[in-house]
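Peer 1: Next comes data-v7.tsv, TSV, C-alpha atoms:
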```
chain	number	residue	atom	x	y	z
A	23	MET	CA	-1.83	15.29	48.46
A	24	ARG	CA	-5.19	14.38	49.99
A	25	ALA	CA	-6.69	13.34	46.67
A	26	ALA	CA	-3.75	11.03	45.95
A	27	LEU	CA	-3.84	9.57	49.46
A	28	LEU	CA	-7.57	8.82	49.45
A	29	LYS	CA	-8.34	8.08	45.78
A	30	ASN	CA	-8.35	4.28	46.09
A	31	VAL	CA	-10.07	4.02	49.46
A	32	SER	CA	-12.67	1.23	49.55
A	33	ARG	CA	-12.72	-0.09	53.15
A	34	ILE	CA	-13.35	2.57	55.80
A	35	VAL	CA	-13.64	2.49	59.58
A	36	VAL	CA	-15.71	5.41	60.93
A	37	LYS	CA	-15.59	6.19	64.62
A	38	LEU	CA	-18.48	8.18	66.10
A	39	GLY	CA	-17.84	9.77	69.47
A	40	THR	CA	-20.29	10.24	72.32
A	41	GLY	CA	-20.32	13.98	71.78
A	42	VAL	CA	-21.75	13.69	68.26
A	43	LEU	CA	-24.30	10.99	69.15
A	44	THR	CA	-26.01	12.28	72.30
A	45	ASP	CA	-27.83	15.48	73.21
A	46	SER	CA	-27.50	17.73	76.24
A	47	ARG	CA	-29.65	15.29	78.27
A	48	LYS	CA	-27.17	12.46	77.50
A	49	GLN	CA	-29.86	10.74	75.43
A	50	PRO	CA	-29.22	9.55	71.85
A	51	ASP	CA	-29.74	12.54	69.54
A	52	LEU	CA	-31.84	10.86	66.86
A	53	ALA	CA	-31.69	13.75	64.39
A	54	GLN	CA	-27.91	13.84	64.64
A	55	MET	CA	-27.67	10.05	64.42
A	56	GLU	CA	-29.90	10.14	61.34
A	57	GLN	CA	-27.62	12.54	59.46
A	58	LEU	CA	-24.54	10.50	60.40
A	59	VAL	CA	-26.17	7.26	59.28
A	60	ALA	CA	-27.20	8.97	56.04
A	61	GLN	CA	-23.55	9.82	55.37
A	62	VAL	CA	-22.44	6.25	56.00
A	63	ALA	CA	-25.31	4.82	53.94
A	64	GLU	CA	-24.42	7.09	51.01
A	65	GLN	CA	-20.90	5.69	50.92
A	66	ARG	CA	-22.13	2.12	51.36
A	67	LYS	CA	-24.49	2.58	48.40
A	68	ALA	CA	-21.53	3.92	46.40
A	69	GLY	CA	-19.77	0.58	46.89
A	70	LYS	CA	-17.55	1.37	49.87
A	71	GLU	CA	-17.20	-1.08	52.76
A	72	LEU	CA	-18.04	0.65	56.05
A	73	VAL	CA	-17.40	-0.37	59.65
A	74	LEU	CA	-18.69	1.79	62.49
A	75	VAL	CA	-17.02	2.05	65.88
A	76	SER	CA	-19.72	3.71	67.91
A	77	SER	CA	-19.60	5.27	71.33
A	78	GLY	CA	-22.79	6.40	73.04
A	79	ALA	CA	-23.91	3.31	74.96
A	80	VAL	CA	-22.78	4.54	78.36
A	81	GLY	CA	-24.14	8.01	77.58
A	82	ALA	CA	-27.52	6.59	76.59
A	83	GLY	CA	-27.65	4.47	79.72
A	84	MET	CA	-26.72	7.43	81.91
A	85	GLY	CA	-29.82	9.25	80.80
A	86	VAL	CA	-32.03	6.26	81.61
A	87	LEU	CA	-30.44	5.68	85.03
A	88	GLY	CA	-30.43	9.35	85.95
A	89	TYR	CA	-26.72	10.16	85.86
A	90	GLU	CA	-25.57	13.64	84.87
A	91	LYS	CA	-21.88	12.71	84.88
A	92	ARG	CA	-20.11	9.55	83.80
A	93	PRO	CA	-20.08	7.34	86.94
A	94	GLY	CA	-16.72	6.41	88.41
A	95	ASP	CA	-17.91	3.17	89.99
A	96	LEU	CA	-17.24	0.22	87.66
A	97	ALA	CA	-20.52	-1.59	88.38
A	98	GLU	CA	-22.54	1.57	87.71
A	99	LEU	CA	-20.60	2.21	84.51
A	100	GLN	CA	-21.31	-1.32	83.34
A	101	ALA	CA	-24.98	-0.95	84.24
A	102	CYS	CA	-25.16	2.19	82.09
A	103	ALA	CA	-23.51	0.32	79.22
A	104	ALA	CA	-25.90	-2.62	79.52
A	105	VAL	CA	-28.97	-0.37	79.41
A	106	GLY	CA	-27.60	1.96	76.77
A	107	GLN	CA	-26.17	-0.56	74.29
A	108	SER	CA	-29.55	-2.08	73.42
A	109	ARG	CA	-31.08	1.37	72.99
A	110	LEU	CA	-28.19	2.41	70.77
A	111	MET	CA	-28.44	-0.66	68.52
A	112	THR	CA	-32.22	-0.35	68.25
A	113	SER	CA	-31.74	3.19	66.96
A	114	TYR	CA	-29.08	2.11	64.46
A	115	GLU	CA	-31.17	-0.78	63.17
A	116	LYS	CA	-34.10	1.52	62.50
A	117	LEU	CA	-31.99	4.29	60.91
A	118	PHE	CA	-29.99	1.99	58.61
A	119	GLY	CA	-33.17	0.04	57.81
A	120	ALA	CA	-34.57	3.20	56.20
A	121	PHE	CA	-31.75	2.84	53.64
A	122	LYS	CA	-32.39	-0.93	53.30
A	123	LEU	CA	-29.09	-1.73	55.02
A	124	SER	CA	-28.57	-4.37	57.70
A	125	VAL	CA	-26.37	-3.90	60.76
A	126	ALA	CA	-24.52	-6.30	63.05
A	127	GLN	CA	-23.52	-5.69	66.65
A	128	ILE	CA	-19.97	-6.66	67.64
A	129	LEU	CA	-18.81	-6.16	71.22
A	130	LEU	CA	-15.10	-6.61	71.84
A	131	THR	CA	-12.70	-6.73	74.78
A	132	HIS	CA	-8.98	-6.15	74.51
A	133	ASP	CA	-8.45	-9.83	75.33
A	134	ASP	CA	-10.42	-10.78	72.19
A	135	LEU	CA	-7.87	-9.04	69.98
A	136	GLU	CA	-4.76	-9.95	71.98
A	137	HIS	CA	-5.40	-13.72	71.78
A	138	HIS	CA	-4.16	-14.63	68.29
A	139	GLU	CA	-6.88	-17.12	67.28
A	140	ARG	CA	-9.68	-14.86	68.53
A	141	HIS	CA	-7.93	-11.94	66.79
A	142	LEU	CA	-8.10	-13.81	63.48
A	143	ASN	CA	-11.67	-14.95	64.13
A	144	ALA	CA	-12.76	-11.36	64.76
A	145	ARG	CA	-11.16	-10.27	61.51
A	146	ASN	CA	-12.74	-13.12	59.54
A	147	THR	CA	-16.19	-12.29	60.94
A	148	LEU	CA	-15.85	-8.62	60.02
A	149	VAL	CA	-14.66	-9.43	56.50
A	150	ARG	CA	-17.54	-11.87	55.96
A	151	LEU	CA	-20.11	-9.31	57.18
A	152	LEU	CA	-18.68	-6.73	54.78
A	153	HIS	CA	-18.87	-9.29	51.98
A	154	HIS	CA	-22.60	-9.62	52.66
A	155	GLY	CA	-23.11	-5.83	52.57
A	156	VAL	CA	-23.77	-5.58	56.30
A	157	VAL	CA	-22.58	-2.58	58.34
A	158	PRO	CA	-20.80	-3.90	61.46
A	159	ILE	CA	-21.23	-1.66	64.51
A	160	ILE	CA	-18.48	-2.17	67.07
A	161	ASN	CA	-18.20	-1.06	70.66
A	162	GLU	CA	-16.16	-2.13	73.64
A	163	ASN	CA	-17.93	-4.75	75.73
A	164	ASP	CA	-18.10	-2.46	78.75
A	165	VAL	CA	-20.48	-4.81	80.56
A	166	VAL	CA	-17.72	-7.40	81.09
A	167	SER	CA	-14.52	-5.39	80.56
A	168	PHE	CA	-12.48	-4.35	83.56
A	169	THR	CA	-9.67	-1.86	83.90
A	170	GLU	CA	-6.74	-4.14	83.17
A	171	LEU	CA	-8.25	-5.41	79.93
A	172	LYS	CA	-9.88	-2.28	78.53
A	173	PHE	CA	-8.85	-0.62	75.29
A	174	GLY	CA	-8.97	2.66	77.17
A	175	ASP	CA	-11.29	4.49	74.78
A	176	ASN	CA	-13.03	4.03	71.45
A	177	ASP	CA	-10.43	6.12	69.62
A	178	LYS	CA	-7.88	3.40	70.32
A	179	LEU	CA	-10.47	0.70	69.58
A	180	SER	CA	-11.18	2.27	66.18
A	181	ALA	CA	-7.45	2.37	65.38
A	182	LEU	CA	-7.09	-1.28	66.33
A	183	VAL	CA	-10.12	-2.26	64.23
A	184	ALA	CA	-8.64	-0.38	61.26
A	185	SER	CA	-5.34	-2.18	61.80
A	186	LEU	CA	-7.08	-5.54	62.29
A	187	LEU	CA	-8.91	-5.56	58.95
A	188	PRO	CA	-6.80	-3.71	57.63
A	189	ALA	CA	-8.82	-0.72	56.45
A	190	ASP	CA	-7.83	1.80	53.78
A	191	LEU	CA	-8.88	4.74	55.95
A	192	LEU	CA	-9.91	5.59	59.50
A	193	VAL	CA	-12.23	8.56	60.00
A	194	ILE	CA	-12.87	9.86	63.52
A	195	LEU	CA	-15.90	12.14	63.58
A	196	THR	CA	-15.97	14.29	66.69
A	197	THR	CA	-17.18	17.65	68.00
A	198	VAL	CA	-14.29	19.70	66.57
A	199	ASP	CA	-13.03	20.33	63.04
A	200	GLY	CA	-9.73	18.50	63.54
A	201	VAL	CA	-6.49	19.22	65.36
A	202	ILE	CA	-6.73	22.90	66.27
A	203	GLU	CA	-3.79	25.24	66.70
A	204	ASN	CA	-4.45	28.05	69.20
A	205	PHE	CA	-7.56	26.26	70.46
A	206	GLY	CA	-9.68	28.55	72.63
A	207	LYS	CA	-7.79	31.65	71.50
A	208	ALA	CA	-8.59	34.50	69.15
A	209	ASN	CA	-6.93	32.97	66.09
A	210	PRO	CA	-7.68	29.22	66.01
A	211	ARG	CA	-6.62	27.25	62.93
A	212	THR	CA	-7.36	23.70	61.86
A	213	ILE	CA	-4.11	21.98	60.88
A	214	PRO	CA	-4.82	20.44	57.46
A	215	ALA	CA	-2.19	17.66	57.51
A	216	ILE	CA	0.20	16.00	59.94
A	217	ASP	CA	2.89	13.64	58.67
A	218	GLN	CA	4.80	13.16	61.92
A	219	ILE	CA	3.65	13.14	65.52
A	220	ASP	CA	6.23	15.04	67.53
A	221	GLN	CA	6.17	16.90	70.84
A	222	GLN	CA	4.68	19.98	69.21
A	223	VAL	CA	1.70	17.99	67.89
A	224	GLU	CA	1.20	16.26	71.24
A	225	LYS	CA	1.11	19.63	73.00
A	226	LEU	CA	-1.86	20.61	70.83
A	227	ALA	CA	-3.88	17.68	72.21
A	228	GLY	CA	-5.79	18.04	75.46
A	229	GLY	CA	-8.19	15.76	77.27
A	230	THR	CA	-11.94	16.18	77.41
A	231	GLU	CA	-14.34	18.02	79.68
A	232	SER	CA	-17.36	16.10	78.42
A	233	ALA	CA	-19.61	14.55	81.08
A	234	THR	CA	-20.14	11.44	78.97
A	235	ALA	CA	-16.90	10.92	77.05
A	236	VAL	CA	-13.36	9.79	77.75
A	237	GLY	CA	-10.17	10.63	75.93
A	238	GLY	CA	-10.39	13.87	73.99
A	239	MET	CA	-7.84	14.87	71.35
A	240	ALA	CA	-4.98	13.24	73.26
A	241	SER	CA	-6.49	9.79	72.72
A	242	LYS	CA	-7.01	10.57	69.04
A	243	ILE	CA	-3.32	11.39	68.66
A	244	GLN	CA	-2.47	8.04	70.24
A	245	ALA	CA	-4.85	6.36	67.78
A	246	ALA	CA	-3.09	8.18	64.96
A	247	LYS	CA	0.25	6.68	66.00
A	248	ILE	CA	-1.18	3.17	65.57
A	249	VAL	CA	-2.72	3.66	62.15
A	250	MET	CA	0.11	5.77	60.74
A	251	ARG	CA	2.62	3.04	61.64
A	252	SER	CA	0.24	0.46	60.17
A	253	GLY	CA	0.24	2.34	56.86
A	254	ILE	CA	-3.34	3.63	57.16
A	255	PRO	CA	-4.37	7.30	56.85
A	256	LEU	CA	-6.57	8.92	59.50
A	257	VAL	CA	-8.83	11.94	59.21
A	258	ILE	CA	-10.22	13.70	62.28
A	259	ALA	CA	-13.17	15.91	61.37
A	260	SER	CA	-16.44	17.32	62.66
A	261	GLY	CA	-19.39	14.95	62.91
A	262	ARG	CA	-21.76	17.91	62.94
A	263	LYS	CA	-21.26	18.68	59.24
A	264	LYS	CA	-23.71	16.83	57.01
A	265	GLN	CA	-21.34	16.22	54.11
A	266	ALA	CA	-18.12	15.72	56.06
A	267	LEU	CA	-17.59	12.09	55.02
A	268	ALA	CA	-18.27	12.78	51.33
A	269	ARG	CA	-15.89	15.75	51.38
A	270	ILE	CA	-13.18	13.69	53.04
A	271	LEU	CA	-13.46	10.90	50.48
A	272	ALA	CA	-13.46	13.44	47.65
A	273	GLY	CA	-10.05	14.64	48.86
A	274	GLU	CA	-11.37	18.03	49.90
A	275	ASP	CA	-9.86	20.11	52.68
A	276	GLU	CA	-11.96	18.74	55.54
A	277	GLY	CA	-10.55	18.13	59.02
A	278	THR	CA	-6.97	17.04	59.74
A	279	VAL	CA	-5.40	14.19	57.78
A	280	PHE	CA	-2.62	12.12	59.32
A	281	VAL	CA	-0.30	10.84	56.61
A	282	PRO	CA	0.70	7.19	57.12
A	283	GLN	CA	4.12	5.65	56.76
A	284	PRO	CA	4.66	4.48	53.16
A	285	THR	CA	4.89	0.76	53.91
A	286	ARG	CA	2.08	-1.18	55.57
A	287	LEU	CA	3.05	-3.56	58.33
A	288	GLN	CA	2.15	-7.22	57.81
A	289	GLY	CA	-0.75	-8.58	59.83
A	290	ARG	CA	1.34	-10.48	62.35
A	291	LYS	CA	3.60	-7.49	62.93
A	292	ARG	CA	0.53	-5.30	63.54
A	293	TRP	CA	-0.69	-7.87	66.07
A	294	ILE	CA	2.65	-7.84	67.89
A	295	GLY	CA	2.98	-4.06	67.83
A	296	PHE	CA	-0.46	-2.86	68.87
A	297	PHE	CA	-2.70	-5.56	70.31
A	298	HIS	CA	-0.93	-6.46	73.55
A	299	HIS	CA	-0.47	-5.20	77.06
A	300	PRO	CA	3.33	-5.71	77.25
A	301	LYS	CA	4.39	-7.85	80.18
A	302	GLY	CA	7.80	-6.28	80.71
A	303	THR	CA	10.49	-3.95	79.38
A	304	LEU	CA	13.96	-4.44	77.95
A	305	PHE	CA	16.24	-1.38	78.04
A	306	VAL	CA	18.92	-1.50	75.33
A	307	ASP	CA	22.10	0.45	74.73
A	308	GLY	CA	22.76	2.75	71.79
A	309	GLY	CA	24.45	0.09	69.70
A	310	ALA	CA	21.55	-2.31	70.03
A	311	ARG	CA	19.05	0.47	69.29
A	312	LYS	CA	20.86	1.29	66.06
A	313	ALA	CA	21.13	-2.40	65.09
A	314	LEU	CA	17.39	-2.88	65.58
A	315	ARG	CA	16.16	0.37	64.05
A	316	GLU	CA	18.55	0.83	61.16
A	317	ASN	CA	19.97	-2.58	60.34
A	318	GLY	CA	17.01	-4.91	60.88
A	319	LYS	CA	18.87	-7.09	63.36
A	320	SER	CA	17.61	-9.32	66.16
A	321	LEU	CA	18.08	-8.34	69.80
A	322	LEU	CA	21.06	-10.13	71.37
A	323	PRO	CA	21.95	-10.43	75.08
A	324	PRO	CA	24.96	-8.01	75.05
A	325	GLY	CA	22.72	-5.12	73.96
A	326	ILE	CA	20.32	-5.49	76.91
A	327	ALA	CA	21.30	-3.11	79.71
A	328	ARG	CA	18.34	-3.72	81.99
A	329	CYS	CA	15.27	-5.94	82.23
A	330	GLU	CA	12.11	-5.04	84.12
A	331	GLY	CA	8.95	-7.04	84.75
A	332	ASP	CA	8.05	-10.65	85.33
A	333	PHE	CA	7.38	-12.34	82.01
A	334	THR	CA	7.85	-15.72	80.39
A	335	ALA	CA	9.10	-16.80	76.99
A	336	GLY	CA	6.58	-16.09	74.24
A	337	GLU	CA	5.17	-12.90	75.78
A	338	VAL	CA	5.32	-9.39	74.27
A	339	VAL	CA	7.70	-6.88	75.85
A	340	ARG	CA	8.48	-3.22	75.33
A	341	ILE	CA	11.92	-2.34	74.01
A	342	CYS	CA	13.21	1.04	75.16
A	343	ASP	CA	16.38	3.06	74.82
A	344	MET	CA	18.32	4.10	77.91
A	345	ASP	CA	16.19	7.27	78.23
A	346	GLY	CA	13.10	5.11	78.61
A	347	THR	CA	11.64	5.91	75.18
A	348	GLU	CA	9.85	2.91	73.72
A	349	PHE	CA	10.83	2.38	70.09
A	350	ALA	CA	9.95	-1.28	69.51
A	351	ARG	CA	7.96	-4.25	70.75
A	352	GLY	CA	8.65	-7.91	70.35
A	353	ILE	CA	7.97	-11.47	71.44
A	354	THR	CA	10.75	-12.59	73.73
A	355	ALA	CA	12.27	-16.04	73.37
A	356	PHE	CA	13.31	-16.09	77.04
A	357	GLY	CA	11.73	-15.28	80.37
A	358	ALA	CA	12.72	-12.38	82.60
A	359	ALA	CA	14.61	-14.62	85.04
A	360	GLU	CA	16.85	-16.01	82.29
A	361	ILE	CA	17.57	-12.55	80.88
A	362	LYS	CA	18.33	-11.09	84.30
A	363	SER	CA	20.70	-13.97	85.09
A	364	ARG	CA	23.14	-12.69	82.42
A	365	GLN	CA	23.90	-16.30	81.49
A	366	LEU	CA	22.53	-16.15	77.92
A	367	ARG	CA	25.14	-16.41	75.17
A	368	ARG	CA	24.90	-16.32	71.37
A	369	VAL	CA	21.11	-16.44	71.29
A	370	GLU	CA	18.45	-14.12	69.91
A	371	VAL	CA	16.39	-12.78	72.79
A	372	VAL	CA	13.93	-11.21	70.34
A	373	HIS	CA	14.19	-12.46	66.77
A	374	ARG	CA	13.73	-9.82	64.09
A	375	ASP	CA	10.72	-11.74	62.72
A	376	ASN	CA	9.06	-11.24	66.12
A	377	LEU	CA	10.03	-7.57	66.48
A	378	VAL	CA	8.26	-4.39	65.38
A	379	ILE	CA	9.87	-0.96	65.20
A	380	LEU	CA	7.25	1.58	66.30
```
The structure given in the file should be rewritten as structure tokens.

Peer 2:
Amino acid sequence: MRAALLKNVSRIVVKLGTGVLTDSRKQPDLAQMEQLVAQVAEQRKAGKELVLVSSGAVGAGMGVLGYEKRPGDLAELQACAAVGQSRLMTSYEKLFGAFKLSVAQILLTHDDLEHHERHLNARNTLVRLLHHGVVPIINENDVVSFTELKFGDNDKLSALVASLLPADLLVILTTVDGVIENFGKANPRTIPAIDQIDQQVEKLAGGTESATAVGGMASKIQAAKIVMRSGIPLVIASGRKKQALARILAGEDEGTVFVPQPTRLQGRKRWIGFFHHPKGTLFVDGGARKALRENGKSLLPPGIARCEGDFTAGEVVRICDMDGTEFARGITAFGAAEIKSRQLRRVEVVHRDNLVIL
């Protein structure tokens, strides 16, 4: 199954977590970075297109500024990122230069990818850099990001970058071998493949106890939801193994592979589904849920049981069933006040062309 899934992969997003890039002193681990860069360079030389989403800037800055734990204060966090990002890129430029490869730094905020024109511009820039054989290195622009506009973590950022391009594969290299069953117990087992994320899978995912990182396996599962729905496979594997990337691309049993849905969403649908902070929520009854999910219909006023939030026409909203489970997102044609007034008749509140089933 793996070999068939990965045989035609040519464009790959590789996410490197803080834990595999820094040492116990929170400084960049140059020996570890060197072996990771060597893996990426090997695949680039083999004709693959590679994009890196790299953590480590805040961790590198923490070491310089004397922090042992990730600071909670926003200004201090941004100061660490500002100091650490330049150190991180200097290391990458030197390491990739040894393989005669050029790198480009790209710092993104969530707002960059939510705004449609900037979304397309970011994609065009990445595609052009790949055309020139450059390895783009992406990180969140922590120096200017603030809580309301953050991606949340680089796992989600890597999933969004993979969806943006779109990539043929997302690889998240971390400190563990994949999704582990019985983690921390006497009989741990790496789950080789996951084709559906259900409650049992989510229970296997915990947070992180790292002093430098955010997220943990829980954030990786959330990233998997994005790429699987986008039609892109994901592999979570250990970044400590020197041939992990080659083994993954050879279809060998390395890490955990998340099997994508068979059809890839179109670019605009991916943008609607994953690149917004929804401005409100529409709760729909069972009949409307079935019409949207199974029959490809638009959302009509009679199916809306409740409307929450303060949004205007043209903004993205969550669409939930009566239990509160989100199953779709869409661009609403009407504002919250009009929907709540119950005066709408024979109109499409969310047209099916502007709606994505998650």

Peer 1: Go through A:Asp332, A:Glu274, A:Asp217, A:Glu136 one by one, measure the shortest atom-to-atom distance of each to Ile294 of chain A using only C-alpha atoms, and give the residue with the smallest value.

Peer 2: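 Checking each candidate against Ile294 of chain A, we get A:Glu136 as the closest.
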
Peer 1: A:Ser124, A:Lys29, A:Gly81, A:Arg311: which is nearest Pro93 of chain A, counting all atoms listed in the file?

Peer 2: A:Gly81

Peer 1: Separation of atom CA of Gly302 of chain A and atom CA of Phe333 of chain A, in Å?

Peer 2: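 Between these atoms lies a distance of 6.2 Å.
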
Peer 1: For Val249 of chain A, which residue among A:Leu314, A:Cys342, A:Val35, A:Ala63 is the nearest when counting all atoms listed in the file?

Peer 2: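 When distances to Val249 of chain A are compared using all atoms listed in the file, the smallest one comes from A:Val35.
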
Peer 1: Mind listing whatever residues come within 6 Å of the point (13.8, -6.6, 77.3)? Use only C-alpha atoms, file coordinates, and give them as a list in words.

Peer 2: Thr303, Leu304, Phe305, Cys329 and Ile341 of chain A
